[in-house]
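J.: I'd like to ask some things about the structure below.
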2 protein chains.
Amino acid sequence: MESWATFGGDLHLDLTAGRARGLGLREALEDALRTAVRDGRLSPGTRLPSSRVLSGDLGIARNTVAEAYAQLSAEGWLASRQGSGTVVAERGTPSATAAPAIRPRRPAVRYELLAGRPDVSRFPRSAWLAAARRALAVAPHEALSYSDPRGRIELRRALAEYLARVRGVRTDPERILICSGYTQGLGLLCGALRERGVRALAVEEYGLPPQQQVITAAGLATVPLPLDEGGARTDLLAGSDVGAAVLTPAHQFPTGVPLRAARRAAAVAWARESGGIVIEDDYDGEFRYDRQPVGAMQALDPERVVYAGTASKSLAPGLRLGWLVLPGDLVEPVVRQKELADGQSGAFEQLTLAELITSGGFDRHIRRSRLHYRRRRDQLVATLAERAPRVRVTGIAAGLHAVVRLPPDSLSEHELRSQAAWLGLSLQTLSECRTPAAGPAPDQAPALVIGYGTPPEHAFAPALEALCTLLRL
Amino acid sequence: MESWATFGGDLHLDLTAGRARGLGLREALEDALRTAVRDGRLSPGTRLPSSRVLSGDLGIARNTVAEAYAQLSAEGWLASRQGSGTVVAERGTPSATAAPAIRPRRPAVRYELLAGRPDVSRFPRSAWLAAARRALAVAPHEALSYSDPRGRIELRRALAEYLARVRGVRTDPERILICSGYTQGLGLLCGALRERGVRALAVEEYGLPPQQQVITAAGLATVPLPLDEGGARTDLLAGSDVGAAVLTPAHQFPTGVPLRAARRAAAVAWARESGGIVIEDDYDGEFRYDRQPVGAMQALDPERVVYAGTASKSLAPGLRLGWLVLPGDLVEPVVRQKELADGQSGAFEQLTLAELITSGGFDRHIRRSRLHYRRRRDQLVATLAERAPRVRVTGIAAGLHAVVRLPPDSLSEHELRSQAAWLGLSLQTLSECRTPAAGPAPDQAPALVIGYGTPPEHAFAPALEALCTLLRL
């Protein structure tokens with residue numbers, strides 16, 4: 001198998017030097033690659049390993065590697081050719097003379113159109129602080145000490161009521177575990193499943209890249225489920241030997257299709273027959289714009305489906321608040337994982353969120369956000385229809401992102417990324433969301449995953465403008 | 001080897017039933033044991049596995065099992081005999097008649113004297129809320145989104161200054177990682193060390209029980225370091241093949257001795273020569289009452305010593321805020337572990353704590369707390385000298401706990417626990433803090449670990465009164 005190690009035994013990419021200087025992971029990688037090119041350790045024409053391979057070898061996100069490649073291509077250090085990957089550029093590389101090394105000027109990111117992120121400028125700071133004040137005024141002293149690893153009972157009660165009302169989840173507070181975002185929740189589940197003897201998880205063919213790393217780090221293999229217009233092919237689960245399946249039934253990430261009723265039934269039937277578990281990642285279930293959202297799949301069988309929710313889209317990722325609604329026989333093993341991981345999640349935000357939910361402030365924020373994001377989506381669709389009529393916006397009217405598909409004769413996704421960087425646009429391509437286990441994407445027209453939720457209000461129109469410029473290149 | 005499984009193949013202790021009814025782990029275990037005795041599955045005279053063995057089999061804290069045993073002994077279901085362990089009681093067991101089962105009345109815990117916990121009734125709620133308001137008013141939007149996995153730069157800057165000033169730690173913000181308490185910090189370190197090929201950690205012969213579980217869950221073995229009046233025998237590290245050593249140099253937990261200068265030097269010399277790592281758990285370094293505390297050992301060699309601190313003792317465990325100060329070459333691997341665990345810690349408390357530190361409010365709280373705990377310790381020592389003159393209080397004047405050693409002809413530790421339960425006192429014995437890998441404790445007089453920090457002010461005098469009653473039994 002191709003690997004960074006076999007690619008060049010003497011090529012050491014030292015990320016720690018950059019990290020120690022305060023650079024982010026991606027910047028440190030860019031810095032290490034620039035240094036290797038500048039020093040001549042990477043000579044012109046050398047083909048670099050794919051972002052998938054390099055990310056695996058360095059143990060960092062594939063996305064990070066792809067972004068570093070795109071950035072260095074934009075700067076002229078590397079060149080990307082459709083079909084032949086990324087190579088060290090033949091010209092444009094500053095020669096290693098005695099002249100002081102000039103750090104190439106990199107275009108600043110002016111507009112983020114990243115999927116899976118809300119517009120944090122809309123976070124209700126005043127309402128949050130008021131709720132924190134009310135919550136801390138009445139919190140018992142024991143709430144500030146070590147307490148139930150499942151989290152504060154105040155929040156578990158509030159969520160049990162909220163999730164039943166808004167998403168049709170069937171539960172009670174005893175089966176809810178509060179965790180530090182979906183990332184931790186998935187990690188705890190993987191740990192508990194592995195202890196039970198599970199060795200592989202089915203995942204959707206396209207998904208959020210960090211999910212894969214969490215599953216792998218827990219020692220589990222992934223088996224990709226193909227997607228079609230009905231959502232994930234859960235009918236194929238019956239023939240597999242996975243112990244669990246991670247699905248995004250309300251709004252597949254990133255393609256945006258909902259899981260069809262028959263596919264939901266097939267997943268639950270598989271879980272019942274095989275003793276398997278379905279993990280329902282309801283990351284943006286609150287945001288559907290054209291109709292009532294389909295209820296949570298968990299209600300079909302609370303003993304076989306874990307419901308995973310998060311405040312990262314509805315409020316802010318920085319809160320690090322997520323929740324798992326667990327089947328009875330998973331409560332104890334997942335609680336044990338939580339105790340080992342960090343004992344319990346922080347009590348203060350839990351008390352505050354409970355107060356925000358029970359006081360009605362959370363519902364008000366969600367309603368306002370839904371209108372806000374709906375307007376943004378409408379604006380995206382209308383603008384692209386007018387300014388870039390050859391692209392198609394796909395996926396249902398929901399969530400915080402849309403998939404924008406380009407005609408086959410457009411720039412490649414790689415080129416789109418490089419050009420986007422020059423325009424100061426940070427965005428993801430569809431291929432970047434492909435699950436590594438699914439292998440290379442079939443030959444398809446380029447597509448972008450556009451997170452219209454991210455920019456603050458004043459930046460949305462110029463970000464759309466930059467996107468139109470990119471799509472007409 | 002003795003094990004619960006070999007002890008009785010048909011005896012299934014079902015904790016999930018109790019857990020599903022909302023019971024804590026210990027209550028669920030007590031309930032399962034009571035049911036087994038009541039149903040006749042455990043007959044009178046049957047010897048139960050040791051708390052160490054049962055805790056291993058059930059995958060729960062040994063402490064929890066020991067507490068359940070003590071409780072059931074106090075209730076008359078079990079009997080404990082020095083030297084022969086715990087057996088099912090011969091009499092006093094309600095017979096399994098058709099009469100409605102009467103849940104035995106259990107003495108409520110009225111006073112907690114648990115070590116490692118602060119008096120959370122002293123948490124500065126107003127100052128915290130005011131700091132939260134100021135912090136959230138000026139926080140940039142990006143602070144609410146996904147950001148640096150090491151944590152907020154505001155807090156890392158504040159801590160770099162604070163730790164240098166107060167504990168003599170040598171660092172800069174780039175090497176600090178904010179985590180969810182010491183538990184998570186230790187888990188992340190174990191994960192990173194294991195990736196490096198480390199297979200075993202040296203731990204002090206006595207320590208905080210959950211630490212052991214975190215290390216084991218990370219796949220590492222533990223090697224016990226004996227303790228004497230100079231602290232941990234770090235001079236023995238040179239002969240071992242461990243890759244790291246966890247120490248509590250400022251105030252050994254629980255025995256309360258500081259690590260002697262020669263022992264500090266020996267630990268650092270070992271780390272330098274062997275390429276090993278010292279993890280300095282500075283859990284209560286702010287609280288020394290008789291003199292300036294000894295500075296952090298980390299300053300001897302920041303490239304070989306990880307400094308681990310926490311807000312759990314200085315503010316409140318419910319905050320779940322801890323920090324690691326890392327050697328340069330551990331930053332990247334530990335950051336990767338953090339990304340996989342939960343991406344980053346919650347931003348809101350981090351911003352608030354940063355504001356509390358930089359505004360001087362944190363220092364004021366620490367100074368007041370130091371006086372408060374010092375008074376408590378003095379009161380404990382004076383009261384015991386007068387009311388229970390045969391016991392000795394050992395350990396330096398520091399921290400939130402003291403070890404109380406009884407004369408050899410006293411009740412056994414096990415009996416002390418049972419009797420303490422009847423008095424409504426929750427406390428730990430010294431043997432409960434013994435590291436499992438260290439094997440059974442040498443024959444020694446009974447000793448209690450008394451956490452004088454835990455009770456709120458109004459409960460401290462009556463808690464002391466109950467302790468005196470216990471010590472004179």
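Chain labels A, B, ... are given in the sequence in which chains occur in the structure tokens; within each chain residues are numbered consecutively from 1, and ligands are likewise numbered from 1 in the order shown.
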Neighbours of Asp378 of chain B within 12 Å (only C-alpha atoms; same-chain residues fewer than 3 positions away dropped), as a list of chain:residue names?
T.: B:Tyr289, B:Asp290, B:Leu371, B:His372, B:Tyr373, B:Arg374, B:Arg375, B:Val381, B:Ala382, B:Thr383, B:Leu384, B:Ala385, B:Val393, B:Ile396, B:Ala397, B:Ala398, B:Leu400, B:His401, B:Ala402, B:Tyr452
J.: Mind writing the picked residues with N, CA, C and O atoms as a PDB file, in the first residue's frame?
T.:
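Saved the output as again_8.pdb:
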```
ATOM      1  N   TYR B 289      -0.284  25.746  54.536  1.00  0.00           N
ATOM      2  CA  TYR B 289      -0.670  26.654  55.605  1.00  0.00           C
ATOM      3  C   TYR B 289       0.477  27.092  56.500  1.00  0.00           C
ATOM      4  O   TYR B 289       0.374  28.080  57.207  1.00  0.00           O
ATOM      5  N   ASP B 290       1.560  26.325  56.527  1.00  0.00           N
ATOM      6  CA  ASP B 290       2.611  26.641  57.489  1.00  0.00           C
ATOM      7  C   ASP B 290       3.757  27.437  56.889  1.00  0.00           C
ATOM      8  O   ASP B 290       4.524  28.069  57.605  1.00  0.00           O
ATOM      9  N   LEU B 371      -7.174  30.524  54.246  1.00  0.00           N
ATOM     10  CA  LEU B 371      -7.467  30.818  55.650  1.00  0.00           C
ATOM     11  C   LEU B 371      -8.551  29.882  56.184  1.00  0.00           C
ATOM     12  O   LEU B 371      -8.455  29.350  57.291  1.00  0.00           O
ATOM     13  N   HIS B 372      -9.581  29.705  55.373  1.00  0.00           N
ATOM     14  CA  HIS B 372     -10.726  28.888  55.752  1.00  0.00           C
ATOM     15  C   HIS B 372     -10.299  27.445  56.036  1.00  0.00           C
ATOM     16  O   HIS B 372     -10.611  26.876  57.079  1.00  0.00           O
ATOM     17  N   TYR B 373      -9.547  26.865  55.115  1.00  0.00           N
ATOM     18  CA  TYR B 373      -9.152  25.460  55.271  1.00  0.00           C
ATOM     19  C   TYR B 373      -8.105  25.315  56.381  1.00  0.00           C
ATOM     20  O   TYR B 373      -8.051  24.300  57.063  1.00  0.00           O
ATOM     21  N   ARG B 374      -7.275  26.341  56.538  1.00  0.00           N
ATOM     22  CA  ARG B 374      -6.284  26.291  57.601  1.00  0.00           C
ATOM     23  C   ARG B 374      -6.980  26.245  58.960  1.00  0.00           C
ATOM     24  O   ARG B 374      -6.627  25.463  59.845  1.00  0.00           O
ATOM     25  N   ARG B 375      -8.019  27.085  59.119  1.00  0.00           N
ATOM     26  CA  ARG B 375      -8.797  27.090  60.365  1.00  0.00           C
ATOM     27  C   ARG B 375      -9.410  25.711  60.602  1.00  0.00           C
ATOM     28  O   ARG B 375      -9.405  25.197  61.710  1.00  0.00           O
ATOM     29  N   VAL B 381      -7.275  19.194  64.317  1.00  0.00           N
ATOM     30  CA  VAL B 381      -6.140  18.737  65.119  1.00  0.00           C
ATOM     31  C   VAL B 381      -6.408  18.988  66.603  1.00  0.00           C
ATOM     32  O   VAL B 381      -6.235  18.099  67.450  1.00  0.00           O
ATOM     33  N   ALA B 382      -6.902  20.188  66.931  1.00  0.00           N
ATOM     34  CA  ALA B 382      -7.141  20.538  68.332  1.00  0.00           C
ATOM     35  C   ALA B 382      -8.243  19.656  68.920  1.00  0.00           C
ATOM     36  O   ALA B 382      -8.117  19.158  70.048  1.00  0.00           O
ATOM     37  N   THR B 383      -9.308  19.464  68.175  1.00  0.00           N
ATOM     38  CA  THR B 383     -10.437  18.676  68.679  1.00  0.00           C
ATOM     39  C   THR B 383     -10.020  17.234  68.932  1.00  0.00           C
ATOM     40  O   THR B 383     -10.349  16.649  69.964  1.00  0.00           O
ATOM     41  N   LEU B 384      -9.275  16.670  67.980  1.00  0.00           N
ATOM     42  CA  LEU B 384      -8.874  15.273  68.153  1.00  0.00           C
ATOM     43  C   LEU B 384      -7.899  15.143  69.321  1.00  0.00           C
ATOM     44  O   LEU B 384      -7.947  14.170  70.085  1.00  0.00           O
ATOM     45  N   ALA B 385      -7.012  16.121  69.490  1.00  0.00           N
ATOM     46  CA  ALA B 385      -6.048  16.066  70.596  1.00  0.00           C
ATOM     47  C   ALA B 385      -6.788  16.016  71.930  1.00  0.00           C
ATOM     48  O   ALA B 385      -6.392  15.320  72.863  1.00  0.00           O
ATOM     49  N   VAL B 393      -2.657  12.728  64.010  1.00  0.00           N
ATOM     50  CA  VAL B 393      -2.931  13.336  62.706  1.00  0.00           C
ATOM     51  C   VAL B 393      -1.595  13.486  62.002  1.00  0.00           C
ATOM     52  O   VAL B 393      -0.685  14.125  62.532  1.00  0.00           O
ATOM     53  N   ILE B 396       1.743  16.990  56.334  1.00  0.00           N
ATOM     54  CA  ILE B 396       2.046  18.409  56.559  1.00  0.00           C
ATOM     55  C   ILE B 396       0.768  19.235  56.591  1.00  0.00           C
ATOM     56  O   ILE B 396      -0.300  18.776  56.172  1.00  0.00           O
ATOM     57  N   ALA B 397       0.883  20.459  57.107  1.00  0.00           N
ATOM     58  CA  ALA B 397      -0.260  21.377  57.200  1.00  0.00           C
ATOM     59  C   ALA B 397      -0.536  21.938  55.816  1.00  0.00           C
ATOM     60  O   ALA B 397      -0.025  22.985  55.425  1.00  0.00           O
ATOM     61  N   ALA B 398      -1.326  21.210  55.063  1.00  0.00           N
ATOM     62  CA  ALA B 398      -1.580  21.589  53.679  1.00  0.00           C
ATOM     63  C   ALA B 398      -2.831  20.886  53.193  1.00  0.00           C
ATOM     64  O   ALA B 398      -3.297  19.924  53.807  1.00  0.00           O
ATOM     65  N   LEU B 400      -6.564  19.648  51.691  1.00  0.00           N
ATOM     66  CA  LEU B 400      -7.952  19.578  52.122  1.00  0.00           C
ATOM     67  C   LEU B 400      -8.219  18.316  52.923  1.00  0.00           C
ATOM     68  O   LEU B 400      -9.375  17.970  53.171  1.00  0.00           O
ATOM     69  N   HIS B 401      -7.167  17.570  53.291  1.00  0.00           N
ATOM     70  CA  HIS B 401      -7.403  16.332  54.024  1.00  0.00           C
ATOM     71  C   HIS B 401      -6.231  16.050  54.966  1.00  0.00           C
ATOM     72  O   HIS B 401      -5.151  16.614  54.814  1.00  0.00           O
ATOM     73  N   ALA B 402      -6.471  15.159  55.916  1.00  0.00           N
ATOM     74  CA  ALA B 402      -5.410  14.708  56.817  1.00  0.00           C
ATOM     75  C   ALA B 402      -5.593  13.214  57.035  1.00  0.00           C
ATOM     76  O   ALA B 402      -6.709  12.692  56.901  1.00  0.00           O
ATOM     77  N   TYR B 452     -11.397  17.403  55.395  1.00  0.00           N
ATOM     78  CA  TYR B 452     -12.051  18.444  56.197  1.00  0.00           C
ATOM     79  C   TYR B 452     -12.552  19.587  55.334  1.00  0.00           C
ATOM     80  O   TYR B 452     -13.175  20.522  55.807  1.00  0.00           O
TER      81      TYR B 452
END
```
J.: Compile the residues of chain B that lie within 6 Å of chain A, evaluated using only C-alpha atoms, and express the compilation as a ChimeraX atom specification.
T.: /B:121,141,144-146,174,180,183-184,214,316-320,340-342,346-347
J.: Next, the residues of the selection above should be written as a PDB file, in the first residue's frame with C-alpha atoms.
T.:
```
ATOM      1  CA  SER B 121     -20.637  26.199  49.453  1.00  0.00           C
ATOM      2  CA  HIS B 141     -17.471  35.421  17.821  1.00  0.00           C
ATOM      3  CA  LEU B 144     -18.057  30.421  20.379  1.00  0.00           C
ATOM      4  CA  SER B 145     -17.239  28.203  17.399  1.00  0.00           C
ATOM      5  CA  TYR B 146     -14.797  25.348  16.956  1.00  0.00           C
ATOM      6  CA  GLU B 174       1.612  27.371  23.454  1.00  0.00           C
ATOM      7  CA  SER B 180     -11.926  18.519  31.456  1.00  0.00           C
ATOM      8  CA  THR B 183      -9.176  12.694  34.853  1.00  0.00           C
ATOM      9  CA  GLN B 184      -9.288  13.662  31.197  1.00  0.00           C
ATOM     10  CA  VAL B 214      -8.072   5.650  33.865  1.00  0.00           C
ATOM     11  CA  ALA B 316     -15.309  23.520  42.091  1.00  0.00           C
ATOM     12  CA  PRO B 317     -15.130  20.034  40.567  1.00  0.00           C
ATOM     13  CA  GLY B 318     -18.360  20.725  38.651  1.00  0.00           C
ATOM     14  CA  LEU B 319     -16.464  23.178  36.433  1.00  0.00           C
ATOM     15  CA  ARG B 320     -14.480  20.283  34.937  1.00  0.00           C
ATOM     16  CA  LEU B 340     -10.286  12.717  19.194  1.00  0.00           C
ATOM     17  CA  ALA B 341     -11.728  12.882  22.716  1.00  0.00           C
ATOM     18  CA  ASP B 342     -13.981  15.915  22.383  1.00  0.00           C
ATOM     19  CA  GLY B 346     -16.067  24.250  26.621  1.00  0.00           C
ATOM     20  CA  ALA B 347     -15.157  27.847  25.810  1.00  0.00           C
TER      21      ALA B 347
END
```
J.: Grab the atom CA of Leu201 of chain A to atom CA of Val404 of chain A distance for me, in Å with one decimal place.
T.: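 It comes out at 28.9 Å.
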J.: Taking only segment 241-341 of chain A into account, list the residues labelled strand (DSSP E) by DSSP (computed from the backbone), as a list in words.
T.: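 Of segment 241-341 of chain A, the ones in strand (DSSP E) are Ala244, Ala245, Val246, Leu247, Ile277, Val278, Ile279, Glu280, Asp281, Val305, Val306, Tyr307, Ala308, Gly309, Thr310, Gly322, Trp323, Leu324 and Val325 of chain A.
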J.: In Å to one decimal, how far is atom CA of Glu303 of chain B from atom CA of Leu326 of chain B?
T.: 7.6 Å
J.: Report as a PyMOL selection string: the residues of segment 201-381 of chain A with a DSSP assignment of helix (DSSP H, G or I), based on the backbone of this structure.
T.: chain A and resi 209-217+234-239+261-274+297-300+317-319+328-341+347-358+361-381
J.: Give the answer as one residue: which of B:Val37, B:Ala221, B:Ala266, B:Val198 has the shortest atom-to-atom distance to Leu237 of chain B, using only C-alpha atoms?
T.: B:Ala266
J.: Nearest residue to Thr64 of chain B out of B:Gly45, B:Pro209, B:Pro446, B:Gly230, using only C-alpha atoms?
T.: B:Pro209
J.: Give me, as a ChimeraX atom specification, all polymer residues having an atom no more than 7 Å from Arg47 of chain B, counting only C-alpha atoms and skipping those fewer than 6 positions away in the same chain.
T.: /B:86-88
J.: Which residues, written as a PyMOL selection string, have at least one atom at most 7 Å from Ile178 of chain A, with only C-alpha atoms counted and residues fewer than 6 positions away on the same chain left out?
T.: chain A and resi 150-151+322-324+345
J.: Taking only C-alpha atoms into account, name the residue in B:Ala244, B:Gln419, B:Thr352, B:Gly453 that is nearest to Ser314 of chain B.
T.: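 Counting only C-alpha atoms, the residue closest to Ser314 of chain B is B:Gly453.
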J.: Just give me the gap between atom CA of Gly256 of chain A and atom CA of Glu229 of chain A in Å, one decimal is fine.
T.: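 Going from atom CA of Gly256 of chain A over to atom CA of Glu229 of chain A, I get 9.6 Å.
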J.: Excluding Gln428 of chain A and residues on its chain fewer than 4 positions from it, collect all residues at most 7 Å away from it, counting only C-alpha atoms, and give them as a PDB file with all heavy atoms, in the first residue's frame.
T.:
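In the end it all went to around32.pdb:
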```
ATOM      1  N   LEU A 114     -18.220  27.112   5.632  1.00  0.00           N
ATOM      2  CA  LEU A 114     -17.983  25.740   6.067  1.00  0.00           C
ATOM      3  C   LEU A 114     -19.259  25.116   6.599  1.00  0.00           C
ATOM      4  O   LEU A 114     -19.993  25.736   7.378  1.00  0.00           O
ATOM      5  CB  LEU A 114     -16.908  25.721   7.162  1.00  0.00           C
ATOM      6  CG  LEU A 114     -15.520  26.138   6.680  1.00  0.00           C
ATOM      7  CD1 LEU A 114     -14.563  26.268   7.845  1.00  0.00           C
ATOM      8  CD2 LEU A 114     -14.989  25.133   5.649  1.00  0.00           C
ATOM      9  N   GLU A 432     -14.087  15.674  -0.304  1.00  0.00           N
ATOM     10  CA  GLU A 432     -13.451  15.743   1.016  1.00  0.00           C
ATOM     11  C   GLU A 432     -14.305  15.089   2.083  1.00  0.00           C
ATOM     12  O   GLU A 432     -13.811  14.756   3.152  1.00  0.00           O
ATOM     13  CB  GLU A 432     -13.213  17.200   1.416  1.00  0.00           C
ATOM     14  CG  GLU A 432     -12.112  17.865   0.646  1.00  0.00           C
ATOM     15  CD  GLU A 432     -11.985  19.313   1.074  1.00  0.00           C
ATOM     16  OE1 GLU A 432     -12.720  20.180   0.558  1.00  0.00           O
ATOM     17  OE2 GLU A 432     -11.143  19.570   1.938  1.00  0.00           O
ATOM     18  N   LEU A 448     -19.514  21.219  -4.543  1.00  0.00           N
ATOM     19  CA  LEU A 448     -19.057  21.909  -3.328  1.00  0.00           C
ATOM     20  C   LEU A 448     -20.105  21.748  -2.233  1.00  0.00           C
ATOM     21  O   LEU A 448     -21.303  21.697  -2.518  1.00  0.00           O
ATOM     22  CB  LEU A 448     -18.862  23.404  -3.609  1.00  0.00           C
ATOM     23  CG  LEU A 448     -17.833  23.768  -4.680  1.00  0.00           C
ATOM     24  CD1 LEU A 448     -17.859  25.271  -4.941  1.00  0.00           C
ATOM     25  CD2 LEU A 448     -16.431  23.327  -4.241  1.00  0.00           C
ATOM     26  N   VAL A 449     -19.639  21.657  -1.002  1.00  0.00           N
ATOM     27  CA  VAL A 449     -20.554  21.645   0.131  1.00  0.00           C
ATOM     28  C   VAL A 449     -20.508  23.041   0.736  1.00  0.00           C
ATOM     29  O   VAL A 449     -19.482  23.455   1.277  1.00  0.00           O
ATOM     30  CB  VAL A 449     -20.135  20.594   1.174  1.00  0.00           C
ATOM     31  CG1 VAL A 449     -21.124  20.553   2.329  1.00  0.00           C
ATOM     32  CG2 VAL A 449     -20.016  19.217   0.523  1.00  0.00           C
TER      33      VAL A 449
END
```
J.: Can you tell me, as an NGL selection string, what residues are no more than 12 Å from Ser431 of chain B when counting only C-alpha atoms, ignoring any on the same chain fewer than 2 positions away?
T.: :B and (51-52 or 62-63 or 66 or 205-209 or 254-255 or 403 or 405 or 412-414 or 417 or 428-429 or 433-436 or 438-449)
